[in-house]
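Asker: This one is model-v8.pdb, PDB, C-alpha atoms, pLDDT in the B column.
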MODEL        1
ATOM      1  CA  MET Q 373      -8.178  -1.383 -26.435  1.00 49.00           C
ATOM      2  CA  THR Q 374     -10.838   1.148 -25.629  1.00 47.00           C
ATOM      3  CA  TYR Q 375     -11.208   2.596 -22.144  1.00 45.00           C
ATOM      4  CA  ASN Q 376     -14.432   0.633 -21.522  1.00 51.00           C
ATOM      5  CA  ALA Q 377     -12.876  -2.605 -22.777  1.00 47.00           C
ATOM      6  CA  LEU Q 378     -10.043  -2.166 -20.274  1.00 45.00           C
ATOM      7  CA  ARG Q 379     -12.565  -1.826 -17.425  1.00 50.00           C
ATOM      8  CA  LYS Q 380     -14.661  -4.845 -18.411  1.00 54.00           C
ATOM      9  CA  GLY Q 381     -14.391  -7.592 -15.813  1.00 58.00           C
ATOM     10  CA  ARG Q 382     -12.052  -5.585 -13.555  1.00 76.00           C
ATOM     11  CA  VAL Q 383     -12.240  -6.635  -9.930  1.00 89.00           C
ATOM     12  CA  SER Q 384     -10.269  -5.108  -7.048  1.00 94.00           C
ATOM     13  CA  ILE Q 385      -9.406  -7.843  -4.545  1.00 94.00           C
ATOM     14  CA  PRO Q 386      -7.507  -6.833  -1.392  1.00 94.00           C
ATOM     15  CA  GLY Q 387      -4.307  -8.867  -1.032  1.00 93.00           C
ATOM     16  CA  GLN Q 388      -4.311  -9.816  -4.740  1.00 96.00           C
ATOM     17  CA  ILE Q 389      -1.134  -9.122  -6.702  1.00 95.00           C
ATOM     18  CA  TYR Q 390      -1.620  -7.137  -9.918  1.00 96.00           C
ATOM     19  CA  LEU Q 391       0.604  -6.016 -12.741  1.00 96.00           C
ATOM     20  CA  LEU Q 392      -0.541  -2.516 -13.722  1.00 97.00           C
ATOM     21  CA  THR Q 393       0.405  -0.635 -16.878  1.00 97.00           C
ATOM     22  CA  ALA Q 394      -0.302   2.998 -17.711  1.00 97.00           C
ATOM     23  CA  VAL Q 395       0.580   4.671 -21.008  1.00 97.00           C
ATOM     24  CA  THR Q 396       1.529   8.306 -21.560  1.00 95.00           C
ATOM     25  CA  TRP Q 397      -0.700  10.676 -23.483  1.00 94.00           C
ATOM     26  CA  ASP Q 398      -0.421   9.848 -27.204  1.00 94.00           C
ATOM     27  CA  ARG Q 399       2.489   7.529 -26.292  1.00 95.00           C
ATOM     28  CA  THR Q 400       4.693  10.598 -25.998  1.00 91.00           C
ATOM     29  CA  PRO Q 401       8.033   9.581 -24.450  1.00 93.00           C
ATOM     30  CA  TRP Q 402       7.959  12.196 -21.643  1.00 88.00           C
ATOM     31  CA  CYS Q 403      10.117  10.060 -19.380  1.00 90.00           C
ATOM     32  CA  GLN Q 404      12.937   9.880 -21.886  1.00 92.00           C
ATOM     33  CA  ASP Q 405      13.860  13.111 -20.140  1.00 90.00           C
ATOM     34  CA  PHE Q 406      15.499  11.849 -16.927  1.00 92.00           C
ATOM     35  CA  ARG Q 407      14.078  14.755 -14.881  1.00 91.00           C
ATOM     36  CA  LEU Q 408      10.532  13.797 -15.857  1.00 91.00           C
ATOM     37  CA  GLY Q 409      11.214  10.134 -15.175  1.00 94.00           C
ATOM     38  CA  ARG Q 410      12.557  10.983 -11.708  1.00 95.00           C
ATOM     39  CA  GLU Q 411       9.397  12.979 -10.950  1.00 94.00           C
ATOM     40  CA  VAL Q 412       7.237   9.952 -11.854  1.00 96.00           C
ATOM     41  CA  ALA Q 413       9.515   7.634  -9.864  1.00 97.00           C
ATOM     42  CA  GLY Q 414       9.205   9.967  -6.874  1.00 97.00           C
ATOM     43  CA  VAL Q 415       5.433   9.724  -7.010  1.00 97.00           C
ATOM     44  CA  LEU Q 416       5.585   5.916  -7.164  1.00 97.00           C
ATOM     45  CA  HIS Q 417       7.835   5.955  -4.115  1.00 96.00           C
ATOM     46  CA  GLY Q 418       5.488   8.346  -2.284  1.00 96.00           C
ATOM     47  CA  VAL Q 419       2.432   6.178  -2.962  1.00 96.00           C
ATOM     48  CA  ALA Q 420       4.373   3.114  -1.777  1.00 94.00           C
ATOM     49  CA  VAL Q 421       5.240   4.895   1.483  1.00 94.00           C
ATOM     50  CA  ALA Q 422       1.596   5.912   1.977  1.00 95.00           C
ATOM     51  CA  TYR Q 423       0.456   2.280   1.538  1.00 94.00           C
ATOM     52  CA  PRO Q 424       3.058   0.007   3.184  1.00 92.00           C
ATOM     53  CA  GLY Q 425       3.285  -3.391   1.508  1.00 91.00           C
ATOM     54  CA  LEU Q 426       1.636  -2.127  -1.690  1.00 94.00           C
ATOM     55  CA  SER Q 427       4.546  -1.707  -4.090  1.00 96.00           C
ATOM     56  CA  LEU Q 428       6.545  -4.808  -5.043  1.00 96.00           C
ATOM     57  CA  ALA Q 429       8.321  -3.537  -8.175  1.00 96.00           C
ATOM     58  CA  TRP Q 430       7.989  -0.793 -10.772  1.00 97.00           C
ATOM     59  CA  VAL Q 431       9.716   0.538 -13.863  1.00 98.00           C
ATOM     60  CA  VAL Q 432       9.182   3.892 -15.562  1.00 97.00           C
ATOM     61  CA  MET Q 433       9.701   3.610 -19.312  1.00 98.00           C
ATOM     62  CA  PRO Q 434       9.854   6.560 -21.751  1.00 96.00           C
ATOM     63  CA  ASP Q 435       6.176   6.210 -22.764  1.00 97.00           C
ATOM     64  CA  HIS Q 436       4.611   3.961 -20.111  1.00 97.00           C
ATOM     65  CA  MET Q 437       5.048   2.488 -16.665  1.00 97.00           C
ATOM     66  CA  HIS Q 438       4.642  -0.965 -15.127  1.00 97.00           C
ATOM     67  CA  TRP Q 439       3.857  -1.480 -11.466  1.00 97.00           C
ATOM     68  CA  LEU Q 440       3.615  -4.758  -9.550  1.00 97.00           C
ATOM     69  CA  VAL Q 441       1.409  -4.213  -6.495  1.00 97.00           C
ATOM     70  CA  GLN Q 442      -0.322  -6.121  -3.749  1.00 96.00           C
ATOM     71  CA  LEU Q 443      -3.626  -4.307  -3.384  1.00 96.00           C
ATOM     72  CA  PRO Q 444      -4.249  -3.091   0.193  1.00 94.00           C
ATOM     73  CA  ASP Q 445      -7.589  -3.124   1.991  1.00 93.00           C
ATOM     74  CA  GLY Q 446      -9.820  -0.164   1.235  1.00 93.00           C
ATOM     75  CA  VAL Q 447      -8.220   0.871  -2.075  1.00 94.00           C
ATOM     76  CA  SER Q 448      -9.542  -0.138  -5.491  1.00 96.00           C
ATOM     77  CA  LEU Q 449      -7.367  -0.469  -8.583  1.00 97.00           C
ATOM     78  CA  GLU Q 450      -9.147   2.545 -10.053  1.00 96.00           C
ATOM     79  CA  ARG Q 451      -8.466   4.672  -6.961  1.00 97.00           C
ATOM     80  CA  LEU Q 452      -4.816   3.592  -6.816  1.00 97.00           C
ATOM     81  CA  MET Q 453      -4.224   4.559 -10.429  1.00 97.00           C
ATOM     82  CA  GLN Q 454      -6.189   7.790  -9.984  1.00 97.00           C
ATOM     83  CA  ILE Q 455      -3.864   8.716  -7.108  1.00 97.00           C
ATOM     84  CA  PHE Q 456      -0.737   7.828  -9.099  1.00 98.00           C
ATOM     85  CA  LYS Q 457      -1.765   9.527 -12.333  1.00 97.00           C
ATOM     86  CA  GLY Q 458      -3.059  12.646 -10.620  1.00 96.00           C
ATOM     87  CA  ARG Q 459      -0.004  13.125  -8.419  1.00 96.00           C
ATOM     88  CA  SER Q 460       2.483  12.416 -11.193  1.00 96.00           C
ATOM     89  CA  ALA Q 461       0.758  14.721 -13.692  1.00 94.00           C
ATOM     90  CA  ARG Q 462       0.588  17.445 -11.076  1.00 93.00           C
ATOM     91  CA  ALA Q 463       4.276  16.949 -10.190  1.00 92.00           C
ATOM     92  CA  LEU Q 464       5.352  17.307 -13.825  1.00 88.00           C
ATOM     93  CA  ASN Q 465       3.158  20.342 -14.397  1.00 87.00           C
ATOM     94  CA  VAL Q 466       4.120  22.096 -11.124  1.00 86.00           C
ATOM     95  CA  ALA Q 467       7.814  21.457 -11.763  1.00 77.00           C
ATOM     96  CA  GLY Q 468       7.309  23.309 -15.018  1.00 71.00           C
ATOM     97  CA  LEU Q 469       8.754  20.412 -16.944  1.00 66.00           C
ATOM     98  CA  ARG Q 470       5.629  20.070 -19.052  1.00 69.00           C
ATOM     99  CA  THR Q 471       1.998  21.189 -19.185  1.00 77.00           C
ATOM    100  CA  GLY Q 472      -1.244  19.426 -19.975  1.00 81.00           C
ATOM    101  CA  PRO Q 473      -2.253  15.785 -19.770  1.00 89.00           C
ATOM    102  CA  VAL Q 474       0.443  13.228 -19.010  1.00 92.00           C
ATOM    103  CA  TRP Q 475      -1.402   9.878 -19.025  1.00 95.00           C
ATOM    104  CA  GLN Q 476      -3.954   8.330 -21.355  1.00 96.00           C
ATOM    105  CA  PRO Q 477      -7.316   7.508 -19.753  1.00 95.00           C
ATOM    106  CA  GLY Q 478      -7.575   4.012 -18.331  1.00 95.00           C
ATOM    107  CA  PHE Q 479      -4.928   1.453 -17.547  1.00 96.00           C
ATOM    108  CA  HIS Q 480      -4.265  -2.235 -18.039  1.00 96.00           C
ATOM    109  CA  ASP Q 481      -4.310  -4.634 -15.114  1.00 96.00           C
ATOM    110  CA  ARG Q 482      -3.533  -8.323 -14.842  1.00 95.00           C
ATOM    111  CA  ALA Q 483      -4.051 -10.312 -11.676  1.00 95.00           C
ATOM    112  CA  LEU Q 484      -1.289 -12.820 -11.073  1.00 94.00           C
ATOM    113  CA  ARG Q 485      -2.491 -16.336 -10.368  1.00 88.00           C
ATOM    114  CA  LYS Q 486      -1.427 -17.995  -7.119  1.00 81.00           C
ATOM    115  CA  ASP Q 487       0.760 -20.479  -9.026  1.00 80.00           C
ATOM    116  CA  GLU Q 488       2.674 -17.789 -10.930  1.00 81.00           C
ATOM    117  CA  ASP Q 489       6.215 -17.101  -9.805  1.00 86.00           C
ATOM    118  CA  LEU Q 490       6.137 -13.591  -8.340  1.00 89.00           C
ATOM    119  CA  LEU Q 491       9.886 -13.089  -8.584  1.00 90.00           C
ATOM    120  CA  ALA Q 492       9.853 -14.152 -12.249  1.00 90.00           C
ATOM    121  CA  ALA Q 493       7.082 -11.617 -12.941  1.00 91.00           C
ATOM    122  CA  ALA Q 494       9.134  -8.886 -11.251  1.00 93.00           C
ATOM    123  CA  ARG Q 495      12.242  -9.839 -13.247  1.00 92.00           C
ATOM    124  CA  TYR Q 496      10.235  -9.712 -16.475  1.00 92.00           C
ATOM    125  CA  LEU Q 497       8.906  -6.266 -15.567  1.00 93.00           C
ATOM    126  CA  LEU Q 498      12.352  -4.922 -14.639  1.00 94.00           C
ATOM    127  CA  ALA Q 499      13.947  -6.318 -17.818  1.00 95.00           C
ATOM    128  CA  ASN Q 500      11.668  -4.141 -19.950  1.00 96.00           C
ATOM    129  CA  PRO Q 501      14.382  -1.479 -20.572  1.00 97.00           C
ATOM    130  CA  LEU Q 502      16.787  -4.223 -21.671  1.00 96.00           C
ATOM    131  CA  ARG Q 503      14.256  -5.732 -24.092  1.00 95.00           C
ATOM    132  CA  ARG Q 504      13.519  -2.269 -25.517  1.00 95.00           C
ATOM    133  CA  GLY Q 505      17.231  -1.721 -26.136  1.00 95.00           C
ATOM    134  CA  LEU Q 506      17.555   1.228 -23.756  1.00 95.00           C
ATOM    135  CA  VAL Q 507      20.451  -0.329 -21.816  1.00 95.00           C
ATOM    136  CA  GLN Q 508      22.903  -3.220 -22.053  1.00 95.00           C
ATOM    137  CA  ARG Q 509      22.336  -4.369 -18.459  1.00 93.00           C
ATOM    138  CA  VAL Q 510      19.208  -4.092 -16.310  1.00 89.00           C
ATOM    139  CA  GLY Q 511      21.174  -2.424 -13.521  1.00 90.00           C
ATOM    140  CA  ASP Q 512      22.168   0.414 -15.861  1.00 94.00           C
ATOM    141  CA  TYR Q 513      18.584   1.680 -16.132  1.00 96.00           C
ATOM    142  CA  PRO Q 514      17.902   4.213 -13.351  1.00 96.00           C
ATOM    143  CA  LEU Q 515      14.082   4.338 -13.207  1.00 97.00           C
ATOM    144  CA  TRP Q 516      13.056   1.175 -11.383  1.00 96.00           C
ATOM    145  CA  ASP Q 517      12.739  -0.315  -7.923  1.00 95.00           C
ATOM    146  CA  ALA Q 518      11.880  -3.665  -6.354  1.00 94.00           C
ATOM    147  CA  ILE Q 519      11.464  -4.877  -2.776  1.00 92.00           C
ATOM    148  CA  TRP Q 520      13.965  -7.685  -3.413  1.00 85.00           C
ATOM    149  CA  ILE Q 521      16.885  -5.292  -3.993  1.00 71.00           C
TER
ENDMDL
END
Give the structure from this file in structure tokens form.

Answerer:
Amino acid sequence: MTYNALRKGRVSIPGQIYLLTAVTWDRTPWCQDFRLGREVAGVLHGVAVAYPGLSLAWVVMPDHMHWLVQLPDGVSLERLMQIFKGRSARALNVAGLRTGPVWQPGFHDRALRKDEDLLAAARYLLANPLRRGLVQRVGDYPLWDAIWI
């Protein structure tokens, strides 16, 4: 999808739960390198601390990330992703682990309906490394977190 197509119809509703996905620049698997993945995970943790109640679950994959959030008051989806992408790109570049762009422009968002099972959505998100064949058990993958654990 094009950047403008991703933005079409996007609405930021405080209290709404969203599944967010961001893809690395040219789908390059930066986070296959554990050090890079830990840098991105650290930024996700830092943003979660800055906005209590925001982060429900996340997983950092080699070439993308998924993040289940409950949007706080006063922060749009665009601003949240701008904060995450900017801080994580800066962290990777400052650490000297890579240089240049880290994330593709734009992101995908999906608002969860009230009748959707939140825990099932989190399990689906966290099972991504298993489905991609990166590990044999979900617990073996190191780059994830969830409020239920």

Asker: Which residues are close to Q:Gly409, i.e. within 12 Å by only C-alpha atoms, leaving aside same-chain residues fewer than 6 positions away? Reply as a list in words.

Answerer: Thr396, Pro401, Trp402, Cys403, Val415, Leu416, Val431, Val432, Met433, Pro434, Asp435, His436, Met437, Ser460, Ala461, Ala463, Leu464, Leu469, Val474, Tyr513, Pro514, Leu515 and Trp516 of chain Q

Asker: Output the residue selection produced by the PyMOL selection byres ((chain Q and resi 473) around 10) on the file above, formatted as a PyMOL selection string.

Answerer: chain Q and resi 396-398+457-458+461-462+464-465+470-472+474-477

Asker: Create the file for the chosen residues now, containing C-alpha atoms and written as an mmCIF file, in the coordinates of the input.

Answerer:
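Dumped to again23.cif:
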data_model
loop_
_atom_site.group_PDB
_atom_site.id
_atom_site.type_symbol
_atom_site.label_atom_id
_atom_site.label_comp_id
_atom_site.auth_asym_id
_atom_site.auth_seq_id
_atom_site.Cartn_x
_atom_site.Cartn_y
_atom_site.Cartn_z
ATOM 1 C CA THR Q 396 1.529 8.306 -21.560
ATOM 2 C CA TRP Q 397 -0.700 10.676 -23.483
ATOM 3 C CA ASP Q 398 -0.421 9.848 -27.204
ATOM 4 C CA LYS Q 457 -1.765 9.527 -12.333
ATOM 5 C CA GLY Q 458 -3.059 12.646 -10.620
ATOM 6 C CA ALA Q 461 0.758 14.721 -13.692
ATOM 7 C CA ARG Q 462 0.588 17.445 -11.076
ATOM 8 C CA LEU Q 464 5.352 17.307 -13.825
ATOM 9 C CA ASN Q 465 3.158 20.342 -14.397
ATOM 10 C CA ARG Q 470 5.629 20.070 -19.052
ATOM 11 C CA THR Q 471 1.998 21.189 -19.185
ATOM 12 C CA GLY Q 472 -1.244 19.426 -19.975
ATOM 13 C CA VAL Q 474 0.443 13.228 -19.010
ATOM 14 C CA TRP Q 475 -1.402 9.878 -19.025
ATOM 15 C CA GLN Q 476 -3.954 8.330 -21.355
ATOM 16 C CA PRO Q 477 -7.316 7.508 -19.753
#

Asker: Which is closer to Q:Leu408 than all the others in Q:Ser384, Q:Val421, Q:Val466, Q:Leu443, using all atoms listed in the file?

Answerer: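 Between Q:Ser384, Q:Val421, Q:Val466, Q:Leu443, the residue approaching Q:Leu408 most closely is Q:Val466.
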
Asker: Let me know the residues the PyMOL selection byres ((chain Q and resi 446) around 10) catches in the file above, as number ranges by chain.

Answerer: Q: 384-386, 443-445, 447-448, 451

Asker: What is the distance, in Å and to one decimal place, between atom CA of Q:Leu502 and atom CA of Q:Ile519?

Answerer: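 If I compute the distance from atom CA of Q:Leu502 to atom CA of Q:Ile519, I get 19.6 Å.
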
Asker: Just so the selection is clear, what residues does the PyMOL selection byres ((chain Q and resi 427) around 10) cover here, as a VMD selection string?

Answerer: chain Q and resid 389 416 to 417 419 to 421 423 to 426 428 to 430 439 to 444 517 to 519

Asker: Report the distance between atom CA of Q:Asp489 and atom CA of Q:Leu506 in Å, rounded to one decimal place.

Answerer: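 Answer for the atom CA of Q:Asp489 to atom CA of Q:Leu506 separation: 25.7 Å.
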
Asker: Figure out the distance between atom CA of Q:Glu450 and atom CA of Q:Leu498, please, to one decimal in Å.

Answerer: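 The value is 23.2 Å.
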
Asker: At a cut-off of 7 Å around the point (-1.5, -9.6, -13.1) (file coordinates), what residues fall inside when counting all atoms listed in the file? I'd like the answer as a list in words.

Answerer: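 The answer, in the requested form, is Ile389, Tyr390, Leu391, Asp481, Arg482, Ala483 and Leu484 of chain Q.
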